[in-house]
$ cat upload_21.txt   # compact mmCIF, C-alpha atoms
# COMPACT_ATOMS: atom_id res chain seq x y z
CA MET U 1 47.93 44.19 55.59
CA GLY U 2 44.77 43.70 57.61
CA ARG U 3 43.60 45.78 60.53
CA ILE U 4 44.33 43.16 63.18
CA ALA U 5 47.92 42.78 61.96
CA ALA U 6 48.30 46.57 61.86
CA ILE U 7 46.99 46.97 65.40
CA ILE U 8 49.27 44.23 66.72
CA GLY U 9 52.18 45.72 64.78
CA ASP U 10 51.63 49.20 66.21
CA LEU U 11 51.35 47.86 69.75
CA ALA U 12 54.47 45.72 69.30
CA LEU U 13 56.41 48.74 68.01
CA VAL U 14 55.37 50.78 71.04
CA VAL U 15 56.62 47.99 73.32
CA LEU U 16 59.85 47.80 71.30
CA PHE U 17 60.28 51.56 71.75
CA VAL U 18 59.90 51.12 75.51
CA ILE U 19 62.34 48.20 75.65
CA ILE U 20 64.95 50.12 73.64
CA GLY U 21 64.48 53.18 75.84
CA ARG U 22 64.73 51.26 79.09
CA ALA U 23 67.78 49.36 77.87
CA SER U 24 69.54 52.55 76.76
CA HIS U 25 69.08 53.97 80.27
CA ALA U 26 70.20 50.72 81.95
CA GLU U 27 66.75 50.26 83.49
CA ALA U 28 65.44 46.81 84.33
CA LEU U 29 63.81 44.95 81.46
CA ASP U 30 61.43 43.10 83.74
CA PHE U 31 57.72 42.78 83.01
CA ASP U 32 56.64 45.31 85.67
CA GLY U 33 59.04 48.01 84.47
CA ILE U 34 58.18 47.56 80.80
CA GLN U 35 54.48 47.50 81.60
CA ARG U 36 54.63 50.64 83.73
CA THR U 37 56.48 52.54 81.00
CA ALA U 38 54.50 51.17 78.06
CA LEU U 39 50.92 51.37 79.31
CA PRO U 40 50.40 55.13 78.82
CA PHE U 41 51.65 54.89 75.22
CA LEU U 42 49.75 51.69 74.49
CA ALA U 43 46.59 53.43 75.72
CA GLY U 44 47.19 56.28 73.28
CA THR U 45 47.74 53.85 70.42
CA LEU U 46 44.60 51.91 71.26
CA MET U 47 42.54 55.09 71.47
CA ALA U 48 43.65 56.01 67.94
CA TRP U 49 42.67 52.54 66.72
CA ILE U 50 39.29 52.71 68.43
CA GLY U 51 38.67 55.88 66.43
CA PHE U 52 39.61 54.10 63.20
CA LEU U 53 37.39 51.15 63.98
CA LEU U 54 34.42 53.37 64.82
CA LYS U 55 34.87 55.37 61.61
CA ARG U 56 35.71 52.26 59.56
CA HIS U 57 39.09 53.63 58.45
CA PRO U 58 41.69 51.05 57.45
CA GLY U 59 44.33 52.52 59.76
CA THR U 60 47.13 51.57 57.40
CA THR U 61 47.58 54.67 55.24
CA LEU U 62 50.33 57.22 55.77
CA LEU U 63 47.81 59.77 57.03
CA ASN U 64 46.44 57.17 59.45
CA GLY U 65 50.02 56.62 60.63
CA VAL U 66 50.40 60.31 61.41
CA PHE U 67 47.19 60.15 63.46
CA VAL U 68 48.29 57.02 65.37
CA TRP U 69 51.66 58.62 66.02
CA ALA U 70 50.17 61.91 67.26
CA MET U 71 47.66 60.17 69.52
CA THR U 72 50.32 57.82 70.89
CA VAL U 73 52.73 60.64 71.68
CA VAL U 74 50.26 63.22 73.02
CA LEU U 75 48.08 60.85 75.02
CA GLY U 76 51.02 58.70 76.09
CA LEU U 77 52.89 61.68 77.50
CA THR U 78 49.72 63.06 79.08
CA PHE U 79 48.89 59.74 80.76
CA ARG U 80 52.53 59.39 81.84
CA LEU U 81 52.37 62.78 83.58
CA LEU U 82 49.00 62.01 85.14
CA LEU U 83 50.48 58.82 86.60
CA GLY U 84 53.18 60.88 88.31
CA ASP U 85 56.09 60.15 85.98
CA THR U 86 58.27 62.77 84.31
CA ALA U 87 58.49 63.95 80.70
CA GLU U 88 61.58 66.07 80.24
CA PHE U 89 62.05 67.91 76.94
CA GLY U 90 64.70 65.48 75.68
CA PHE U 91 62.44 62.53 76.43
CA VAL U 92 59.56 64.18 74.57
CA VAL U 93 61.73 64.81 71.49
CA VAL U 94 63.17 61.29 71.41
CA THR U 95 59.72 59.80 72.01
CA ALA U 96 58.21 61.78 69.15
CA LEU U 97 61.03 60.96 66.71
CA VAL U 98 61.32 57.25 67.46
CA LEU U 99 57.56 56.68 67.47
CA ALA U 100 57.27 58.63 64.19
CA ALA U 101 59.88 56.36 62.62
CA PHE U 102 58.09 53.28 63.93
CA LEU U 103 54.40 54.12 63.50
CA ILE U 104 54.63 56.13 60.28
CA GLY U 105 57.69 54.30 58.96
CA TRP U 106 56.13 50.88 58.39
CA ARG U 107 53.19 52.49 56.62
CA ALA U 108 55.59 54.41 54.36
CA ILE U 109 57.38 51.17 53.50
CA VAL U 110 54.08 49.43 52.68
CA TRP U 111 53.06 52.42 50.55
CA LEU U 112 56.36 52.35 48.64
CA VAL U 113 56.17 48.60 48.05
CA ARG U 114 52.59 48.84 46.79
CA ARG U 115 53.50 51.78 44.58
CA GLN U 116 56.35 49.87 42.95
CA ARG U 117 54.28 46.78 42.20
CA PRO U 118 53.39 46.47 38.52
CA THR U 119 49.67 46.53 37.85
CA PRO U 120 48.18 43.46 36.17
CA ALA U 121 47.26 43.96 32.50
CA GLY U 122 43.53 43.85 33.28
CA ASP U 123 43.81 46.70 35.80
CA LYS U 124 45.29 49.27 33.42
CA VAL U 125 43.54 52.60 33.32
CA LYS U 126 41.99 53.06 29.92
CA ASP U 127 42.02 56.27 27.96
CA PRO U 128 38.42 57.63 28.13
CA ARG U 129 38.79 58.86 24.53
CA ARG U 130 39.09 55.23 23.47
CA SER U 131 36.23 53.92 25.57
CA GLY U 132 33.75 53.58 22.76
CA ASN U 133 31.51 56.16 24.40
CA PRO U 134 30.91 58.95 21.82
CA ALA U 135 30.29 61.48 24.57
CA ARG U 136 33.77 60.85 26.00
CA ARG U 137 35.61 60.29 22.73
CA ASN U 138 36.05 64.01 22.11
CA ALA U 139 36.89 64.87 25.72
CA GLY U 140 40.35 66.13 26.56

$ encode --input "upload_21.txt" --output "structure tokens"
Amino acid sequence: MGRIAAIIGDLALVVLFVIIGRASHAEALDFDGIQRTALPFLAGTLMAWIGFLLKRHPGTTLLNGVFVWAMTVVLGLTFRLLLGDTAEFGFVVVTALVLAAFLIGWRAIVWLVRRQRPTPAGDKVKDPRRSGNPARRNAG
């Protein structure tokens, strides 16, 4: 998966989180309401991705997912509070858990799928003792 697809995917999952949350609380699913709720978290997600882009990280590994998740939750909640909204303990817990499942979850699935894929015959790791290099033949 490329970076652009990963960025769009993360942003879409944050919006999905907001839509699910607003729907579960019977709040309006209009553009203004979704935007007002989502923007602090989208800003956190984008700040994580800016860091990846500046450091040339792929952003798609499990560890990258933990970073995106942490930045999204911490900055999203901080921005939410700075904008005058609330962040009760229950909301913080649900936010952290759902965004962990979303932002780390897809990366875990990609990792598992890649791990299960058989390697082509030409990509097999060769035994260094059989490399033809006399210095390595007796190693191990």

$ residues_around --input "upload_21.txt" --residues "stretch 4-12 of chain U" --least-positions-apart "2" --cutoff "12 Å" --atoms "only C-alpha atoms" --output "VMD selection string"
chain U and resid 1 to 2 14 to 19 38 to 50 52 to 53 58 to 61 64 to 65 68 to 69 72 99 to 107 110

$ atom_distance --input "upload_21.txt" --atom1 "atom CA of U:Leu81" --atom2 "atom CA of U:Phe31"
20.7 Å

$ atom_distance --input "upload_21.txt" --atom1 "atom CA of U:Phe91" --atom2 "atom CA of U:Ala70"
15.3 Å

$ atom_distance --input "upload_21.txt" --atom1 "atom CA of U:Ile34" --atom2 "atom CA of U:Arg22"
7.7 Å

$ closest_residue --input "upload_21.txt" --among "U:Leu62, U:Val73, U:Leu82, U:Val93" --to "U:Leu112" --atoms "only C-alpha atoms"
U:Leu62

$ residues_around --input "upload_21.txt" --residues "U:Asp85" --least-positions-apart "4" --cutoff "12 Å" --atoms "all atoms listed in the file" --output "list in words"
Arg36, Thr37, Pro40, Gly76, Leu77, Thr78, Phe79, Arg80, Leu81 and Phe91 of chain U

$ build_atoms --input "upload_21.txt" --residues "stretch 16-27 of chain U" --atoms "all heavy atoms" --output "compact mmCIF listing (two decimals), keeping the file's coordinate frame"
# COMPACT_ATOMS: atom_id res chain seq x y z
N LEU U 16 58.44 47.79 71.71
CA LEU U 16 59.85 47.80 71.30
C LEU U 16 60.50 49.13 71.64
O LEU U 16 61.63 49.18 72.13
CB LEU U 16 59.96 47.51 69.79
CG LEU U 16 61.37 47.53 69.21
CD1 LEU U 16 62.24 46.44 69.85
CD2 LEU U 16 61.31 47.36 67.70
N PHE U 17 59.79 50.23 71.38
CA PHE U 17 60.28 51.56 71.75
C PHE U 17 60.60 51.62 73.24
O PHE U 17 61.65 52.13 73.65
CB PHE U 17 59.24 52.62 71.35
CG PHE U 17 59.31 53.89 72.13
CD1 PHE U 17 60.35 54.79 71.94
CD2 PHE U 17 58.34 54.19 73.08
CE1 PHE U 17 60.41 55.97 72.67
CE2 PHE U 17 58.40 55.37 73.80
CZ PHE U 17 59.44 56.25 73.60
N VAL U 18 59.71 51.10 74.06
CA VAL U 18 59.90 51.12 75.51
C VAL U 18 61.10 50.27 75.90
O VAL U 18 61.94 50.69 76.72
CB VAL U 18 58.62 50.65 76.24
CG1 VAL U 18 58.88 50.38 77.71
CG2 VAL U 18 57.51 51.69 76.06
N ILE U 19 61.21 49.09 75.33
CA ILE U 19 62.34 48.20 75.65
C ILE U 19 63.67 48.85 75.26
O ILE U 19 64.63 48.84 76.04
CB ILE U 19 62.16 46.83 74.97
CG1 ILE U 19 60.99 46.09 75.63
CG2 ILE U 19 63.44 46.01 75.02
CD1 ILE U 19 60.57 44.82 74.89
N ILE U 20 63.72 49.44 74.07
CA ILE U 20 64.95 50.12 73.64
C ILE U 20 65.27 51.28 74.58
O ILE U 20 66.42 51.46 74.99
CB ILE U 20 64.81 50.61 72.18
CG1 ILE U 20 64.77 49.43 71.21
CG2 ILE U 20 65.95 51.56 71.82
CD1 ILE U 20 64.36 49.81 69.80
N GLY U 21 64.26 52.05 74.94
CA GLY U 21 64.48 53.18 75.84
C GLY U 21 64.96 52.75 77.21
O GLY U 21 65.91 53.32 77.76
N ARG U 22 64.32 51.73 77.76
CA ARG U 22 64.73 51.26 79.09
C ARG U 22 66.13 50.68 79.05
O ARG U 22 66.94 50.91 79.94
CB ARG U 22 63.72 50.25 79.63
CG ARG U 22 62.38 50.91 80.01
CD ARG U 22 61.41 49.92 80.62
NE ARG U 22 61.89 49.41 81.91
CZ ARG U 22 61.75 50.03 83.08
NH1 ARG U 22 61.14 51.20 83.13
NH2 ARG U 22 62.20 49.48 84.19
N ALA U 23 66.44 49.95 77.99
CA ALA U 23 67.78 49.36 77.87
C ALA U 23 68.85 50.44 77.72
O ALA U 23 69.94 50.33 78.29
CB ALA U 23 67.82 48.39 76.68
N SER U 24 68.54 51.49 76.96
CA SER U 24 69.54 52.55 76.76
C SER U 24 69.81 53.35 78.03
O SER U 24 70.83 54.01 78.14
CB SER U 24 69.09 53.48 75.63
OG SER U 24 67.98 54.25 76.02
N HIS U 25 68.89 53.29 78.98
CA HIS U 25 69.08 53.97 80.27
C HIS U 25 69.44 52.98 81.38
O HIS U 25 69.35 53.33 82.57
CB HIS U 25 67.81 54.74 80.65
CG HIS U 25 67.54 55.89 79.74
ND1 HIS U 25 68.27 57.05 79.76
CD2 HIS U 25 66.62 56.05 78.75
CE1 HIS U 25 67.82 57.88 78.84
NE2 HIS U 25 66.81 57.29 78.21
N ALA U 26 69.80 51.77 81.00
CA ALA U 26 70.20 50.72 81.95
C ALA U 26 69.12 50.46 83.00
O ALA U 26 69.41 50.15 84.15
CB ALA U 26 71.53 51.06 82.60
N GLU U 27 67.85 50.57 82.59
CA GLU U 27 66.75 50.26 83.49
C GLU U 27 66.39 48.79 83.32
O GLU U 27 66.64 48.19 82.28
CB GLU U 27 65.53 51.13 83.17
CG GLU U 27 65.76 52.60 83.46
CD GLU U 27 64.54 53.46 83.18
OE1 GLU U 27 63.41 52.95 83.32
OE2 GLU U 27 64.72 54.61 82.80
